[in-house]
Each structure stands twice: as C-alpha cells, then as structure tokens.
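Chemist: Below are the structure tokens for one structure; questions will follow.
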Amino acid sequence: MNLRIVLLAALAAGPAHAAAGTCVINGTEHRYLFVAEAEGGPRLVAWLDPGGELCSAAGTAAAGGGGVVSVFVSEAHEEGCSRLVPGAEPETLLRYVDFDRCHWSSHDR
C-alpha cells in the first residue's frame with residue numbers, strides 16, 4: 001500500500017482516543033514514524049512529534065480486541081519495535097532502541 005495514502009488516512013482519523021481502538025503516544029523527545037493497527041480496524045501510519053498520538057478504531061467485530069503498535073526511525077528502516085496492546089488504554093513509547101528493544105509504558109505496569 002502506498003505510504004502517502006496511509007498517511008492521509010491517519011490525518012483524516014485525527015487525534016483522540018478511538019473507542020475500543022488501539023492508540024500509541026510518542027513519549028520521547030524525538031520524532032518517529034508510528035503505526036497503530038486495531039484488530040479488525042485500519043492500519044494507520046504517521047510521523048509523531050513528541051507528545052503526539054495516533055489511534056486506529058477497532059472494527060465492529062473486534063471491539064475491545066486490542067491490536068499492535070509499532071515505531072520506526074524512517075520509512076526505509078526495516079527494524080523497529082512492535083508491541084501487542086489490549087486496547088484499553090494507549091501505549092506510550094518511552095525510549096526507542098533498535099531491534100525491538102524499545103521501552104514502552106506497559107513495561108512499568
């Protein structure tokens with residue numbers, strides 16, 4: 001899928017927590033490329049500045065089913081970090097480290 005189309009879909013979705021969806025927050029001091037994909041919902045991709053948030057609403061068949069959030073340094077960077085999330089509250093990236101060794105807020109719960 002063309003990344004520009006996905007980015008436009010992310011902008012159209014806007015911020016704010018999606019009901020029964022999957023949200024990710026950039027809790028770092030750096031800008032990264034994030035992905036939010038709720039089970040049964042759209043896969044959204046967007047660059048997030050520090051404090052930025054991206055939410056993907058869940059599909060009707062998967063309300064509350066959680067999803068996956070990911071973060072990358074760039075579109076060309078194949079290694080990033082992904083995290084399964086229950087969907088109840090946003091997952092926050094606290095520190096980016098290559099090769100799926102990022103520190104997420106759920107690590108501290």
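Convention: chains lettered A, B, ... in structure tokens order; per-chain residue numbering from 1; ligands numbered from 1 as shown.
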Need the shell around Asn26 in chain A: protein/DNA/RNA residues with any atom at most 8 Å away, counting only C-alpha atoms. Skip same-chain ones fewer than 4 positions apart. Format as a list of chain:residue names?
Modeler: A:Arg31, A:Tyr32, A:Leu48, A:Asp49, A:Pro50, A:Gly51, A:Gly52, A:Glu53, A:Thr92, A:Leu93, A:Leu94
Chemist: For the residues in the current selection, export all heavy atoms as a PDB file, in the first residue's frame.
Modeler:
```pdb
ATOM      1  N   ARG A  31      11.163  12.727  17.093  1.00  0.00           N
ATOM      2  CA  ARG A  31      10.110  12.436  16.120  1.00  0.00           C
ATOM      3  C   ARG A  31      10.370  11.060  15.524  1.00  0.00           C
ATOM      4  O   ARG A  31      11.488  10.774  15.079  1.00  0.00           O
ATOM      5  CB  ARG A  31      10.147  13.509  15.032  1.00  0.00           C
ATOM      6  CG  ARG A  31       9.039  13.430  14.046  1.00  0.00           C
ATOM      7  CD  ARG A  31       9.083  14.675  13.155  1.00  0.00           C
ATOM      8  NE  ARG A  31       7.905  14.765  12.360  1.00  0.00           N
ATOM      9  CZ  ARG A  31       7.860  14.587  11.042  1.00  0.00           C
ATOM     10  NH1 ARG A  31       8.990  14.360  10.387  1.00  0.00           N
ATOM     11  NH2 ARG A  31       6.736  14.668  10.387  1.00  0.00           N
ATOM     12  N   TYR A  32       9.335  10.199  15.515  1.00  0.00           N
ATOM     13  CA  TYR A  32       9.447   8.852  14.947  1.00  0.00           C
ATOM     14  C   TYR A  32       8.231   8.543  14.085  1.00  0.00           C
ATOM     15  O   TYR A  32       7.187   9.193  14.201  1.00  0.00           O
ATOM     16  CB  TYR A  32       9.530   7.794  16.054  1.00  0.00           C
ATOM     17  CG  TYR A  32      10.811   7.827  16.856  1.00  0.00           C
ATOM     18  CD1 TYR A  32      10.810   8.230  18.188  1.00  0.00           C
ATOM     19  CD2 TYR A  32      12.023   7.444  16.295  1.00  0.00           C
ATOM     20  CE1 TYR A  32      11.977   8.247  18.932  1.00  0.00           C
ATOM     21  CE2 TYR A  32      13.193   7.464  17.029  1.00  0.00           C
ATOM     22  CZ  TYR A  32      13.163   7.860  18.352  1.00  0.00           C
ATOM     23  OH  TYR A  32      14.324   7.882  19.081  1.00  0.00           O
ATOM     24  N   LEU A  48       5.035  11.123  14.321  1.00  0.00           N
ATOM     25  CA  LEU A  48       4.561  11.786  15.524  1.00  0.00           C
ATOM     26  C   LEU A  48       5.689  12.564  16.178  1.00  0.00           C
ATOM     27  O   LEU A  48       6.768  12.028  16.423  1.00  0.00           O
ATOM     28  CB  LEU A  48       4.012  10.780  16.543  1.00  0.00           C
ATOM     29  CG  LEU A  48       2.766   9.985  16.148  1.00  0.00           C
ATOM     30  CD1 LEU A  48       2.342   9.080  17.298  1.00  0.00           C
ATOM     31  CD2 LEU A  48       1.628  10.920  15.753  1.00  0.00           C
ATOM     32  N   ASP A  49       5.413  13.823  16.446  1.00  0.00           N
ATOM     33  CA  ASP A  49       6.328  14.643  17.225  1.00  0.00           C
ATOM     34  C   ASP A  49       6.198  14.226  18.685  1.00  0.00           C
ATOM     35  O   ASP A  49       5.246  13.523  19.060  1.00  0.00           O
ATOM     36  CB  ASP A  49       5.964  16.116  17.059  1.00  0.00           C
ATOM     37  CG  ASP A  49       6.262  16.635  15.665  1.00  0.00           C
ATOM     38  OD1 ASP A  49       7.290  16.218  15.088  1.00  0.00           O
ATOM     39  OD2 ASP A  49       5.467  17.449  15.149  1.00  0.00           O
ATOM     40  N   PRO A  50       7.110  14.659  19.539  1.00  0.00           N
ATOM     41  CA  PRO A  50       6.988  14.352  20.968  1.00  0.00           C
ATOM     42  C   PRO A  50       5.606  14.748  21.495  1.00  0.00           C
ATOM     43  O   PRO A  50       5.115  15.838  21.214  1.00  0.00           O
ATOM     44  CB  PRO A  50       8.086  15.197  21.605  1.00  0.00           C
ATOM     45  CG  PRO A  50       9.130  15.291  20.529  1.00  0.00           C
ATOM     46  CD  PRO A  50       8.328  15.416  19.248  1.00  0.00           C
ATOM     47  N   GLY A  51       4.977  13.828  22.206  1.00  0.00           N
ATOM     48  CA  GLY A  51       3.637  14.056  22.749  1.00  0.00           C
ATOM     49  C   GLY A  51       2.508  13.738  21.794  1.00  0.00           C
ATOM     50  O   GLY A  51       1.344  13.735  22.177  1.00  0.00           O
ATOM     51  N   GLY A  52       2.832  13.439  20.528  1.00  0.00           N
ATOM     52  CA  GLY A  52       1.811  13.145  19.531  1.00  0.00           C
ATOM     53  C   GLY A  52       1.148  11.800  19.766  1.00  0.00           C
ATOM     54  O   GLY A  52       1.712  10.908  20.406  1.00  0.00           O
ATOM     55  N   GLU A  53      -0.062  11.649  19.240  1.00  0.00           N
ATOM     56  CA  GLU A  53      -0.838  10.426  19.420  1.00  0.00           C
ATOM     57  C   GLU A  53      -1.461   9.982  18.104  1.00  0.00           C
ATOM     58  O   GLU A  53      -1.874  10.797  17.295  1.00  0.00           O
ATOM     59  CB  GLU A  53      -1.947  10.673  20.451  1.00  0.00           C
ATOM     60  CG  GLU A  53      -2.789   9.465  20.749  1.00  0.00           C
ATOM     61  CD  GLU A  53      -3.798   9.725  21.867  1.00  0.00           C
ATOM     62  OE1 GLU A  53      -3.947  10.881  22.294  1.00  0.00           O
ATOM     63  OE2 GLU A  53      -4.427   8.759  22.293  1.00  0.00           O
ATOM     64  N   THR A  92       2.463   4.002  25.373  1.00  0.00           N
ATOM     65  CA  THR A  92       3.357   5.139  25.189  1.00  0.00           C
ATOM     66  C   THR A  92       4.785   4.647  25.003  1.00  0.00           C
ATOM     67  O   THR A  92       5.274   3.852  25.801  1.00  0.00           O
ATOM     68  CB  THR A  92       3.294   6.073  26.419  1.00  0.00           C
ATOM     69  OG1 THR A  92       1.946   6.519  26.583  1.00  0.00           O
ATOM     70  CG2 THR A  92       4.204   7.279  26.236  1.00  0.00           C
ATOM     71  N   LEU A  93       5.431   5.131  23.934  1.00  0.00           N
ATOM     72  CA  LEU A  93       6.848   4.848  23.735  1.00  0.00           C
ATOM     73  C   LEU A  93       7.636   5.765  24.660  1.00  0.00           C
ATOM     74  O   LEU A  93       7.516   6.987  24.588  1.00  0.00           O
ATOM     75  CB  LEU A  93       7.265   5.101  22.288  1.00  0.00           C
ATOM     76  CG  LEU A  93       8.757   4.928  22.010  1.00  0.00           C
ATOM     77  CD1 LEU A  93       9.152   3.454  22.075  1.00  0.00           C
ATOM     78  CD2 LEU A  93       9.139   5.533  20.677  1.00  0.00           C
ATOM     79  N   LEU A  94       8.442   5.182  25.545  1.00  0.00           N
ATOM     80  CA  LEU A  94       9.248   5.963  26.473  1.00  0.00           C
ATOM     81  C   LEU A  94      10.683   6.121  25.999  1.00  0.00           C
ATOM     82  O   LEU A  94      11.330   7.126  26.275  1.00  0.00           O
ATOM     83  CB  LEU A  94       9.228   5.313  27.863  1.00  0.00           C
ATOM     84  CG  LEU A  94       7.840   5.185  28.488  1.00  0.00           C
ATOM     85  CD1 LEU A  94       7.919   4.441  29.812  1.00  0.00           C
ATOM     86  CD2 LEU A  94       7.193   6.546  28.652  1.00  0.00           C
TER      87      LEU A  94
END
```
Chemist: Compare A:Ala76, A:Val71, A:Val97, A:Cys23 by their minimum atom-to-atom distance to Cys55 in chain A, counting only C-alpha atoms, and give me the closest one.
Modeler: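 Answer, going by the shortest atom-to-atom distance: A:Cys23.
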Chemist: Leu84 in chain A: which residues within 8 Å, counting only C-alpha atoms, same-chain residues fewer than 4 positions away excluded, as number ranges by chain?
Modeler: A: 66-69
Chemist: Save the residues we just selected, C-alpha atoms, as a PDB file, in the first residue's frame?
Modeler:
```pdb
ATOM      1  CA  GLY A  66      -6.683  -4.782  21.069  1.00  0.00           C
ATOM      2  CA  GLY A  67      -4.121  -4.508  18.340  1.00  0.00           C
ATOM      3  CA  VAL A  68      -0.494  -3.747  17.529  1.00  0.00           C
ATOM      4  CA  VAL A  69       1.536  -0.551  17.749  1.00  0.00           C
TER       5      VAL A  69
END
```
Chemist: Rank nothing, just name the residue among A:Gly65, A:Gly80, A:Gly40, A:Gly27 nearest to Trp104 in chain A, using only C-alpha atoms.
Modeler: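 Result for the nearest residue to Trp104 in chain A: A:Gly27.
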Chemist: Please provide the set of residues having any atom within 6 Å of Phe34 in chain A, restricted to only C-alpha atoms, with same-chain residues fewer than 6 positions apart removed, written as a PyMOL selection string.
Modeler: chain A and resi 45-46+70-71
Chemist: Generate a file of the selected residues that holds all heavy atoms, formatted as a JSON list (two decimals), in the first residue's frame.
Modeler:
```
[["chain", "number", "residue", "atom", "x", "y", "z"],
["A", 45, "VAL", "N", -0.50, 4.93, 9.70],
["A", 45, "VAL", "CA", 0.93, 5.23, 9.79],
["A", 45, "VAL", "C", 1.09, 6.74, 9.77],
["A", 45, "VAL", "O", 0.51, 7.42, 8.93],
["A", 45, "VAL", "CB", 1.69, 4.62, 8.59],
["A", 45, "VAL", "CG1", 3.17, 4.95, 8.67],
["A", 45, "VAL", "CG2", 1.46, 3.13, 8.49],
["A", 46, "ALA", "N", 1.87, 7.28, 10.73],
["A", 46, "ALA", "CA", 2.09, 8.72, 10.76],
["A", 46, "ALA", "C", 3.36, 9.05, 11.54],
["A", 46, "ALA", "O", 3.74, 8.34, 12.46],
["A", 46, "ALA", "CB", 0.90, 9.43, 11.41],
["A", 70, "SER", "N", 3.55, 0.05, 16.55],
["A", 70, "SER", "CA", 4.94, -0.08, 16.13],
["A", 70, "SER", "C", 5.56, 1.30, 15.97],
["A", 70, "SER", "O", 4.86, 2.28, 15.80],
["A", 70, "SER", "CB", 5.03, -0.81, 14.78],
["A", 70, "SER", "OG", 4.41, -2.07, 14.83],
["A", 71, "VAL", "N", 6.90, 1.33, 15.99],
["A", 71, "VAL", "CA", 7.63, 2.57, 15.79],
["A", 71, "VAL", "C", 8.89, 2.28, 14.98],
["A", 71, "VAL", "O", 9.51, 1.23, 15.14],
["A", 71, "VAL", "CB", 7.97, 3.25, 17.15],
["A", 71, "VAL", "CG1", 8.82, 2.35, 18.01],
["A", 71, "VAL", "CG2", 8.67, 4.59, 16.93]]
```
